[in-house]
>>> print(open('model_9.cif').read())   # mmCIF, C-alpha atoms
data_entry
#
loop_
_atom_site.label_atom_id
_atom_site.label_comp_id
_atom_site.auth_asym_id
_atom_site.auth_seq_id
_atom_site.Cartn_x
_atom_site.Cartn_y
_atom_site.Cartn_z
CA MET A 62 -7.49 50.26 -0.76
CA ASN A 63 -4.62 49.56 1.61
CA TYR A 64 -4.57 49.69 5.39
CA LYS A 65 -1.45 49.69 7.55
CA GLN A 66 -0.82 49.30 11.24
CA LYS A 67 2.36 49.10 13.34
CA VAL A 68 2.20 46.74 16.29
CA GLY A 69 4.49 46.37 19.30
CA CYS A 70 5.21 42.82 20.48
CA ASN A 71 3.09 42.76 23.60
CA ILE A 72 0.22 40.29 23.73
CA GLU A 73 -1.88 43.03 25.32
CA ASN A 74 -1.86 44.57 21.80
CA LEU A 75 -3.77 41.65 20.24
CA LYS A 76 -7.07 43.36 20.93
CA GLY A 77 -5.88 46.36 18.92
CA VAL A 78 -4.87 44.03 16.07
CA ARG A 79 -8.36 42.50 16.06
CA ASP A 80 -10.04 45.92 16.08
CA PHE A 81 -7.85 47.06 13.16
CA ILE A 82 -8.65 44.00 11.03
CA ARG A 83 -12.36 44.03 11.89
CA GLY A 84 -12.69 47.75 11.19
CA ALA A 85 -11.06 47.54 7.77
CA LEU A 86 -12.97 44.46 6.60
CA LYS A 87 -16.33 45.80 7.78
CA LYS A 88 -15.83 48.96 5.73
CA HIS A 89 -15.69 46.73 2.65
CA GLY A 90 -18.82 44.77 3.42
CA VAL A 91 -17.16 41.43 4.19
CA ALA A 92 -19.74 39.10 5.79
CA ASP A 93 -19.70 38.95 9.60
CA LEU A 94 -18.72 35.30 9.95
CA GLN A 95 -15.87 35.72 7.47
CA VAL A 96 -14.69 38.84 9.28
CA SER A 97 -14.59 36.87 12.51
CA GLU A 98 -12.55 34.05 10.91
CA LEU A 99 -10.04 36.46 9.36
CA VAL A 100 -9.71 38.37 12.65
CA LEU A 101 -8.99 35.06 14.35
CA ALA A 102 -6.36 34.03 11.78
CA LEU A 103 -4.49 37.35 12.12
CA ASP A 104 -4.65 37.18 15.92
CA GLU A 105 -3.07 33.72 15.74
CA MET A 106 -0.29 34.83 13.38
CA CYS A 107 0.48 37.94 15.43
CA SER A 108 0.46 36.19 18.79
CA ASN A 109 2.84 33.52 17.43
CA LEU A 110 5.15 36.23 16.12
CA MET A 111 5.07 38.22 19.37
CA ILE A 112 5.68 35.22 21.58
CA HIS A 113 8.05 33.05 19.53
CA SER A 114 10.01 35.50 17.37
CA HIS A 115 10.10 38.52 19.68
CA ARG A 116 9.66 37.03 23.17
CA CYS A 117 6.99 39.65 23.89
CA ASN A 118 9.41 42.57 23.76
CA PRO A 119 7.10 45.60 23.36
CA GLU A 120 9.96 47.68 21.89
CA GLU A 121 10.05 45.42 18.83
CA LEU A 122 7.55 46.31 16.14
CA PHE A 123 6.10 44.69 13.05
CA GLU A 124 3.61 45.91 10.47
CA ILE A 125 0.32 44.55 9.21
CA HIS A 126 -0.89 45.56 5.76
CA ILE A 127 -4.30 44.75 4.35
CA ILE A 128 -4.53 44.97 0.58
CA LEU A 129 -8.02 45.08 -0.86
CA LYS A 130 -8.32 45.20 -4.64
CA LYS A 131 -11.72 45.38 -6.28
CA GLY A 132 -13.04 41.92 -7.02
CA GLY A 133 -9.71 40.40 -6.03
CA PRO A 134 -8.76 38.37 -3.04
CA ILE A 135 -8.00 39.96 0.31
CA ILE A 136 -4.28 39.93 1.05
CA PHE A 137 -2.79 40.38 4.50
CA GLU A 138 0.92 40.98 4.90
CA ILE A 139 2.82 40.74 8.15
CA ILE A 140 6.14 42.52 7.71
CA ASP A 141 8.82 41.87 10.25
CA ASP A 142 12.57 41.82 10.69
CA GLY A 143 12.71 39.08 13.31
CA SER A 144 13.31 35.42 12.58
CA THR A 145 10.83 33.69 10.32
CA PHE A 146 8.77 30.76 11.38
CA ASP A 147 7.26 29.18 8.28
CA ILE A 148 4.02 27.59 9.37
CA ASN A 149 3.91 25.64 6.09
CA GLN A 150 6.88 23.65 7.44
CA PHE A 151 5.12 22.89 10.69
CA ALA A 152 3.75 19.35 10.85
CA GLU A 153 0.63 19.42 12.95
CA PRO A 154 0.11 16.51 15.30
CA ASP A 155 -3.39 15.09 15.03
CA LEU A 156 -6.03 16.42 17.37
CA GLY A 157 -6.15 13.17 19.32
CA ASN A 158 -2.48 13.61 20.20
CA LEU A 159 -3.04 17.20 21.23
CA VAL A 160 -5.67 16.04 23.69
CA HIS A 161 -3.54 13.15 24.91
CA GLU A 162 -0.40 15.19 25.45
CA LYS A 163 -2.35 18.10 26.97
CA ARG A 164 -0.58 20.36 24.53
CA LYS A 165 -1.89 23.84 24.28
CA GLY A 166 0.02 24.74 21.12
CA GLY A 167 -0.43 23.85 17.49
CA LEU A 168 -4.09 24.76 17.34
CA GLY A 169 -3.47 28.31 16.15
CA ILE A 170 -1.48 27.13 13.14
CA ARG A 171 -4.23 24.68 12.22
CA LEU A 172 -6.82 27.46 12.44
CA VAL A 173 -4.79 29.74 10.15
CA LYS A 174 -4.31 26.95 7.60
CA SER A 175 -8.03 26.14 7.66
CA ILE A 176 -9.10 29.77 7.27
CA MET A 177 -6.61 31.08 4.69
CA ASP A 178 -6.36 29.95 1.05
CA LYS A 179 -2.66 30.63 0.67
CA ILE A 180 0.24 31.27 3.05
CA GLU A 181 3.53 32.46 1.52
CA TYR A 182 6.78 33.81 2.87
CA GLN A 183 8.97 36.28 0.98
CA ASN A 184 12.01 38.38 1.67
CA ARG A 185 11.53 41.99 0.59
CA ASN A 186 14.21 44.66 1.16
CA GLY A 187 15.73 42.61 3.94
CA LYS A 188 12.42 42.12 5.75
CA ASN A 189 10.39 38.98 6.14
CA VAL A 190 6.94 39.19 4.65
CA CYS A 191 4.30 36.64 5.47
CA ARG A 192 1.53 36.94 2.89
CA LEU A 193 -1.87 35.46 3.64
CA THR A 194 -4.47 35.28 0.87
CA LYS A 195 -8.21 34.80 1.25
CA ASN A 196 -10.29 34.40 -1.89
CA ILE A 197 -13.56 36.12 -1.15
CA SER A 198 -15.61 38.80 -2.80
CA TYR A 199 -16.42 42.13 -1.19
CA LYS A 200 -17.37 45.68 -2.12
CA MET B 65 -9.91 41.16 28.62
CA ILE B 66 -11.94 38.46 30.25
CA HIS B 67 -14.04 38.67 33.36
CA ILE B 68 -15.01 35.41 35.02
CA LYS B 69 -17.87 34.88 37.46
CA ARG B 70 -18.69 31.67 39.26
CA LEU B 71 -21.91 30.58 40.87
CA GLN B 72 -23.20 27.27 42.17
CA GLU B 73 -26.59 25.70 41.55
CA ASP B 74 -27.59 22.24 42.86
CA GLY B 75 -24.00 21.07 43.21
CA VAL B 76 -23.10 22.28 39.71
CA ASP B 77 -20.42 24.94 39.33
CA ILE B 78 -21.27 27.49 36.65
CA ILE B 79 -18.35 29.46 35.24
CA ALA B 80 -19.51 32.51 33.25
CA LEU B 81 -17.08 34.01 30.75
CA ILE B 82 -17.55 37.69 29.99
CA GLY B 83 -15.44 39.34 27.29
CA GLU B 84 -12.64 38.00 25.10
CA ILE B 85 -10.18 35.16 25.55
CA ASP B 86 -6.88 35.45 23.69
CA ALA B 87 -3.21 34.69 24.38
CA SER B 88 -3.12 37.41 27.05
CA SER B 89 -6.16 36.19 28.98
CA SER B 90 -6.39 32.40 28.52
CA ILE B 91 -4.56 31.88 31.81
CA GLU B 92 -7.62 33.29 33.61
CA LEU B 93 -9.80 30.57 32.08
CA ASP B 94 -7.27 27.91 33.03
CA LEU B 95 -7.15 29.14 36.64
CA ALA B 96 -10.94 29.28 36.94
CA ILE B 97 -11.37 25.69 35.75
CA ALA B 98 -8.49 24.46 37.95
CA LYS B 99 -10.06 26.21 40.93
CA SER B 100 -13.46 24.64 40.33
CA VAL B 101 -11.97 21.13 40.12
CA GLY B 102 -9.71 21.87 43.09
CA GLU B 103 -12.77 22.75 45.16
CA GLY B 104 -14.17 19.32 44.37
CA PHE B 105 -16.77 20.10 41.71
CA ARG B 106 -17.43 17.17 39.38
CA LYS B 107 -20.11 18.91 37.31
CA ILE B 108 -19.03 22.11 35.60
CA LEU B 109 -21.01 24.29 33.22
CA VAL B 110 -19.31 27.03 31.22
CA ASP B 111 -21.68 29.88 30.37
CA CYS B 112 -20.56 31.41 27.07
CA HIS B 113 -23.43 33.90 26.55
CA SER B 114 -21.15 36.88 27.09
CA LEU B 115 -18.06 35.35 25.52
CA GLU B 116 -17.42 37.60 22.53
CA TYR B 117 -14.23 36.03 21.19
CA ILE B 118 -11.97 33.06 21.72
CA SER B 119 -8.63 32.27 20.06
CA SER B 120 -6.62 29.04 20.04
CA ALA B 121 -5.16 29.92 23.43
CA GLY B 122 -8.61 29.50 24.96
CA LEU B 123 -9.52 26.46 22.85
CA GLY B 124 -6.30 24.82 24.03
CA VAL B 125 -7.29 25.28 27.68
CA PHE B 126 -10.52 23.34 27.12
CA LEU B 127 -8.70 20.58 25.23
CA SER B 128 -6.04 20.30 27.92
CA TYR B 129 -8.63 19.19 30.48
CA ILE B 130 -10.32 16.47 28.42
CA GLU B 131 -8.18 13.54 29.59
CA GLU B 132 -7.91 14.67 33.19
CA PHE B 133 -11.68 15.03 33.38
CA LYS B 134 -12.18 11.52 32.02
CA ASP B 135 -9.85 10.09 34.68
CA GLN B 136 -11.47 12.04 37.49
CA ASN B 137 -15.07 11.62 36.35
CA VAL B 138 -15.56 15.33 35.94
CA SER B 139 -18.08 16.37 33.35
CA MET B 140 -17.99 19.77 31.73
CA VAL B 141 -20.57 21.23 29.34
CA LEU B 142 -20.25 24.56 27.50
CA PHE B 143 -23.43 26.42 26.57
CA GLY B 144 -24.85 29.64 25.14
CA MET B 145 -22.21 30.37 22.48
CA ASN B 146 -22.89 33.02 19.86
CA ASP B 147 -22.52 32.02 16.19
CA LYS B 148 -18.99 33.37 15.77
CA VAL B 149 -17.64 31.68 18.87
CA ALA B 150 -19.44 28.43 17.95
CA ASN B 151 -17.87 28.65 14.49
CA THR B 152 -14.39 28.97 16.03
CA PHE B 153 -14.91 25.62 17.80
CA GLU B 154 -16.28 24.07 14.61
CA ILE B 155 -13.42 25.08 12.27
CA LEU B 156 -11.24 22.32 13.75
CA GLY B 157 -14.08 20.03 14.81
CA LEU B 158 -13.50 20.69 18.53
CA ASN B 159 -17.28 20.66 18.93
CA ASN B 160 -16.93 16.87 18.53
CA LEU B 161 -14.37 16.58 21.33
CA LEU B 162 -16.13 18.81 23.85
CA LYS B 163 -19.70 18.75 25.17
CA ILE B 164 -21.57 21.75 23.90
CA ALA B 165 -25.23 22.62 24.60
CA LYS B 166 -27.53 25.27 23.19
CA ASP B 167 -28.78 26.63 26.49
CA LYS B 168 -28.50 26.20 30.23
CA ALA B 169 -31.44 23.77 30.53
CA GLN B 170 -29.92 21.43 27.97
CA ALA B 171 -26.48 21.85 29.53
CA LYS B 172 -27.85 20.84 32.94
CA ARG B 173 -29.48 17.74 31.46
CA MET B 174 -26.22 16.80 29.74
CA VAL B 175 -24.01 17.33 32.77
CA ASN B 176 -26.30 15.18 34.90
CA GLU B 177 -26.56 12.38 32.32
CA LEU B 178 -22.84 11.85 32.03
#
>>> encode(input="model_9.cif", output="structure tokens")
Amino acid sequence: MNYKQKVGCNIENLKGVRDFIRGALKKHGVADLQVSELVLALDEMCSNLMIHSHRCNPEELFEIHIILKKGGPIIFEIIDDGSTFDINQFAEPDLGNLVHEKRKGGLGIRLVKSIMDKIEYQNRNGKNVCRLTKNISYK
Amino acid sequence: MIHIKRLQEDGVDIIALIGEIDASSSIELDLAIAKSVGEGFRKILVDCHSLEYISSAGLGVFLSYIEEFKDQNVSMVLFGMNDKVANTFEILGLNNLLKIAKDKAQAKRMVNEL
């Protein structure tokens, strides 16, 4: 089963993103705590994209796909034609430094890396695809 | 959407968070904490009973105050988190950097001890 949603780059739309992810995963019996972690990871990816790649321009859209195959992992794809920011290339400062420098960034990327099993970037038909894989079982 | 209420009990400022904190609303949390400190409170409790969701934007606000609070002798204790919100703090071990209590009674004891 696949689910798709188009999202405009306004951080006010993050709630809609969370509702979309939560709704789809709940239909497939994913456990509550795992749903909440996956919702969080997608919120972080989408807010980064909206803020850093699209400067919160609500006219610019990207797509989220959720791909659920029986017994397989859950795959999320964020499909976008803006600039790519590969979070695998981002060196996270340690938490102590974050506290010391009063930095408010960098935490979201850490959360996504902790929650997801695989983060890949691809170019497909001229669009950037960020593919996030979570290995869990569901109905 | 986050709604923030403040009330004072025995010289302790209690900031209650109602709703969800994400990139669009974390500024409200930042302003509420700054206001409390600006008004001279040195003991701050953050009531998370009605906090339904927090993303890194909100976590970052709490982290950003840690050093300042040490320098100014301000103590802040968070309490009443539901399991999902508590888990969000635990994923990165932020529960070890912040003071977190189960309930208000424990939070009051902790904020007075420090």
>>> resolve_selection(input="model_9.cif", expression="the PyMOL selection byres ((chain A and resi 197) around 9)", output="PyMOL selection string")
chain A and resi 91+95+132-135+195-196+198-199
>>> write_last_selection(input="model_9.cif", atoms="C-alpha atoms", output="tab-separated table (two decimals), in the frame of the given file")
chain	number	residue	atom	x	y	z
A	91	VAL	CA	-17.16	41.43	4.19
A	95	GLN	CA	-15.87	35.72	7.47
A	132	GLY	CA	-13.04	41.92	-7.02
A	133	GLY	CA	-9.71	40.40	-6.03
A	134	PRO	CA	-8.76	38.37	-3.04
A	135	ILE	CA	-8.00	39.96	0.31
A	195	LYS	CA	-8.21	34.80	1.25
A	196	ASN	CA	-10.29	34.40	-1.89
A	198	SER	CA	-15.61	38.80	-2.80
A	199	TYR	CA	-16.42	42.13	-1.19
>>> interface_residues(input="model_9.cif", of="chain A", to="chain B", cutoff="10 Å", atoms="only C-alpha atoms", output="PyMOL selection string")
chain A and resi 71-76+93-98+100-102+104-105+108-109+112+156-157+159-172+175-176
>>> resolve_selection(input="model_9.cif", expression="the PyMOL selection byres ((chain B and resi 141) around 8)", output="PyMOL selection string")
chain B and resi 108-110+139-140+142-143+162-165+171+174-175
>>> residues_near_point(input="model_9.cif", point="(9.2, 43.7, 16.4)", cutoff="9 Å", atoms="only C-alpha atoms", output="list of chain:residue names")
A:Val68, A:Gly69, A:Cys70, A:Leu110, A:Met111, A:Ser114, A:His115, A:Cys117, A:Asn118, A:Pro119, A:Glu120, A:Glu121, A:Leu122, A:Phe123, A:Glu124, A:Asp141, A:Asp142, A:Gly143
>>> residues_around(input="model_9.cif", residues="B:Ile78", least_positions_apart="2", cutoff="12 Å", atoms="all atoms listed in the file", output="VMD selection string")
chain B and resid 68 to 76 80 to 81 96 to 97 100 to 101 105 to 112 140 to 143 168 171 to 172 175
>>> closest_residue(input="model_9.cif", among="A:Asn189, A:Gln150, A:Gln66, A:Thr194", to="A:Met177", atoms="all atoms listed in the file")
A:Thr194
>>> closest_residue(input="model_9.cif", among="A:His126, A:His113, A:His89, A:Arg192", to="A:Ile180", atoms="all atoms listed in the file")
A:Arg192
>>> resolve_selection(input="model_9.cif", expression="the PyMOL selection byres ((chain A and resi 183) around 12)", output="PyMOL selection string")
chain A and resi 138-142+145-147+180-182+184-193
>>> axis_aligned_box(input="model_9.cif", around="stretch 110-120 of chain B", padding_each_side="5 Å", output="AutoDock Vina command-line options")
--center_x -15.0 --center_y 32.3 --center_z 25.6 --size_x 26.8 --size_y 20.6 --size_z 21.2
>>> atom_distance(input="model_9.cif", atom1="atom CA of A:Met62", atom2="atom CA of A:Arg79")
18.5 Å
>>> atom_distance(input="model_9.cif", atom1="atom CA of B:Met145", atom2="atom CA of A:Glu153")
27.1 Å
>>> residues_around(input="model_9.cif", residues="A:Leu86", least_positions_apart="2", cutoff="9 Å", atoms="only C-alpha atoms", output="list of chain:residue names")
A:Phe81, A:Ile82, A:Arg83, A:Gly84, A:Lys88, A:His89, A:Gly90, A:Val91, A:Ala92, A:Val96, A:Leu99, A:Ile127, A:Leu129, A:Tyr199
>>> atom_distance(input="model_9.cif", atom1="atom CA of B:Ser114", atom2="atom CA of B:Glu177")
25.6 Å
>>> closest_residue(input="model_9.cif", among="B:Ile66, B:Gln170, B:His113, B:Ile82", to="B:Gly144", atoms="only C-alpha atoms")
B:His113
>>> decode(input="model_9.cif", residues="stretch 71-160 of chain B", atoms="C-alpha atoms", output="PDB file, in the first residue's frame")
ATOM      1  CA  LEU B  71       1.050  30.369  37.490  1.00  0.00           C
ATOM      2  CA  GLN B  72       3.066  30.960  40.630  1.00  0.00           C
ATOM      3  CA  GLU B  73       3.142  28.850  43.774  1.00  0.00           C
ATOM      4  CA  ASP B  74       5.413  29.596  46.763  1.00  0.00           C
ATOM      5  CA  GLY B  75       7.887  31.593  44.691  1.00  0.00           C
ATOM      6  CA  VAL B  76       8.048  28.898  42.006  1.00  0.00           C
ATOM      7  CA  ASP B  77       6.973  29.779  38.475  1.00  0.00           C
ATOM      8  CA  ILE B  78       5.027  26.978  36.816  1.00  0.00           C
ATOM      9  CA  ILE B  79       4.890  27.059  33.022  1.00  0.00           C
ATOM     10  CA  ALA B  80       2.206  24.723  31.633  1.00  0.00           C
ATOM     11  CA  LEU B  81       2.542  23.621  28.014  1.00  0.00           C
ATOM     12  CA  ILE B  82      -0.693  22.682  26.275  1.00  0.00           C
ATOM     13  CA  GLY B  83      -0.584  21.256  22.749  1.00  0.00           C
ATOM     14  CA  GLU B  84       2.302  20.643  20.357  1.00  0.00           C
ATOM     15  CA  ILE B  85       5.727  22.232  20.019  1.00  0.00           C
ATOM     16  CA  ASP B  86       7.334  22.114  16.579  1.00  0.00           C
ATOM     17  CA  ALA B  87       9.396  24.455  14.384  1.00  0.00           C
ATOM     18  CA  SER B  88       6.427  26.815  14.050  1.00  0.00           C
ATOM     19  CA  SER B  89       5.726  27.126  17.776  1.00  0.00           C
ATOM     20  CA  SER B  90       9.040  26.659  19.627  1.00  0.00           C
ATOM     21  CA  ILE B  91       9.491  30.429  19.781  1.00  0.00           C
ATOM     22  CA  GLU B  92       6.526  30.578  22.187  1.00  0.00           C
ATOM     23  CA  LEU B  93       8.327  28.244  24.594  1.00  0.00           C
ATOM     24  CA  ASP B  94      11.501  30.300  24.311  1.00  0.00           C
ATOM     25  CA  LEU B  95       9.620  33.532  25.060  1.00  0.00           C
ATOM     26  CA  ALA B  96       7.801  32.029  28.052  1.00  0.00           C
ATOM     27  CA  ILE B  97      11.041  30.828  29.667  1.00  0.00           C
ATOM     28  CA  ALA B  98      12.813  34.125  28.918  1.00  0.00           C
ATOM     29  CA  LYS B  99       9.907  36.009  30.475  1.00  0.00           C
ATOM     30  CA  SER B 100       9.968  33.918  33.632  1.00  0.00           C
ATOM     31  CA  VAL B 101      13.713  34.470  34.109  1.00  0.00           C
ATOM     32  CA  GLY B 102      13.325  38.140  33.191  1.00  0.00           C
ATOM     33  CA  GLU B 103      10.754  38.534  35.956  1.00  0.00           C
ATOM     34  CA  GLY B 104      13.333  37.226  38.406  1.00  0.00           C
ATOM     35  CA  PHE B 105      12.176  33.652  38.974  1.00  0.00           C
ATOM     36  CA  ARG B 106      15.006  31.323  39.983  1.00  0.00           C
ATOM     37  CA  LYS B 107      12.844  28.221  40.376  1.00  0.00           C
ATOM     38  CA  ILE B 108      10.922  27.170  37.292  1.00  0.00           C
ATOM     39  CA  LEU B 109       8.744  24.109  36.799  1.00  0.00           C
ATOM     40  CA  VAL B 110       7.564  23.092  33.346  1.00  0.00           C
ATOM     41  CA  ASP B 111       4.268  21.200  33.451  1.00  0.00           C
ATOM     42  CA  CYS B 112       4.195  18.782  30.507  1.00  0.00           C
ATOM     43  CA  HIS B 113       0.922  16.947  31.304  1.00  0.00           C
ATOM     44  CA  SER B 114      -0.828  18.446  28.298  1.00  0.00           C
ATOM     45  CA  LEU B 115       2.202  18.515  26.021  1.00  0.00           C
ATOM     46  CA  GLU B 116       1.227  16.146  23.219  1.00  0.00           C
ATOM     47  CA  TYR B 117       4.277  16.469  20.989  1.00  0.00           C
ATOM     48  CA  ILE B 118       7.711  18.038  20.900  1.00  0.00           C
ATOM     49  CA  SER B 119      10.223  18.134  18.034  1.00  0.00           C
ATOM     50  CA  SER B 120      13.903  19.098  18.050  1.00  0.00           C
ATOM     51  CA  ALA B 121      12.949  22.766  17.847  1.00  0.00           C
ATOM     52  CA  GLY B 122      11.472  22.515  21.343  1.00  0.00           C
ATOM     53  CA  LEU B 123      14.242  20.268  22.692  1.00  0.00           C
ATOM     54  CA  GLY B 124      16.761  22.839  21.470  1.00  0.00           C
ATOM     55  CA  VAL B 125      15.065  25.592  23.469  1.00  0.00           C
ATOM     56  CA  PHE B 126      15.509  23.623  26.700  1.00  0.00           C
ATOM     57  CA  LEU B 127      19.150  22.840  25.879  1.00  0.00           C
ATOM     58  CA  SER B 128      19.892  26.460  25.034  1.00  0.00           C
ATOM     59  CA  TYR B 129      19.134  27.527  28.612  1.00  0.00           C
ATOM     60  CA  ILE B 130      21.279  24.960  30.428  1.00  0.00           C
ATOM     61  CA  GLU B 131      24.467  27.039  30.672  1.00  0.00           C
ATOM     62  CA  GLU B 132      22.734  30.330  31.349  1.00  0.00           C
ATOM     63  CA  PHE B 133      20.766  28.733  34.168  1.00  0.00           C
ATOM     64  CA  LYS B 134      23.944  27.343  35.732  1.00  0.00           C
ATOM     65  CA  ASP B 135      25.543  30.802  35.694  1.00  0.00           C
ATOM     66  CA  GLN B 136      22.476  32.503  37.121  1.00  0.00           C
ATOM     67  CA  ASN B 137      21.582  29.822  39.659  1.00  0.00           C
ATOM     68  CA  VAL B 138      18.233  29.187  38.054  1.00  0.00           C
ATOM     69  CA  SER B 139      16.874  25.703  38.466  1.00  0.00           C
ATOM     70  CA  MET B 140      14.334  24.261  36.080  1.00  0.00           C
ATOM     71  CA  VAL B 141      12.529  20.928  36.400  1.00  0.00           C
ATOM     72  CA  LEU B 142      10.203  19.401  33.791  1.00  0.00           C
ATOM     73  CA  PHE B 143       7.445  17.065  34.968  1.00  0.00           C
ATOM     74  CA  GLY B 144       4.374  15.095  33.917  1.00  0.00           C
ATOM     75  CA  MET B 145       5.504  13.967  30.453  1.00  0.00           C
ATOM     76  CA  ASN B 146       3.522  11.291  28.635  1.00  0.00           C
ATOM     77  CA  ASP B 147       5.430   8.231  27.363  1.00  0.00           C
ATOM     78  CA  LYS B 148       5.862   9.491  23.798  1.00  0.00           C
ATOM     79  CA  VAL B 149       7.173  12.884  24.828  1.00  0.00           C
ATOM     80  CA  ALA B 150       9.461  11.281  27.442  1.00  0.00           C
ATOM     81  CA  ASN B 151      10.767   8.950  24.729  1.00  0.00           C
ATOM     82  CA  THR B 152      11.603  11.930  22.503  1.00  0.00           C
ATOM     83  CA  PHE B 153      13.874  13.301  25.248  1.00  0.00           C
ATOM     84  CA  GLU B 154      15.405   9.854  25.790  1.00  0.00           C
ATOM     85  CA  ILE B 155      16.314   9.109  22.140  1.00  0.00           C
ATOM     86  CA  LEU B 156      19.288  11.476  22.397  1.00  0.00           C
ATOM     87  CA  GLY B 157      19.821  11.122  26.140  1.00  0.00           C
ATOM     88  CA  LEU B 158      18.601  14.665  26.861  1.00  0.00           C
ATOM     89  CA  ASN B 159      16.918  13.263  29.960  1.00  0.00           C
ATOM     90  CA  ASN B 160      20.471  13.129  31.387  1.00  0.00           C
TER      91      ASN B 160
END
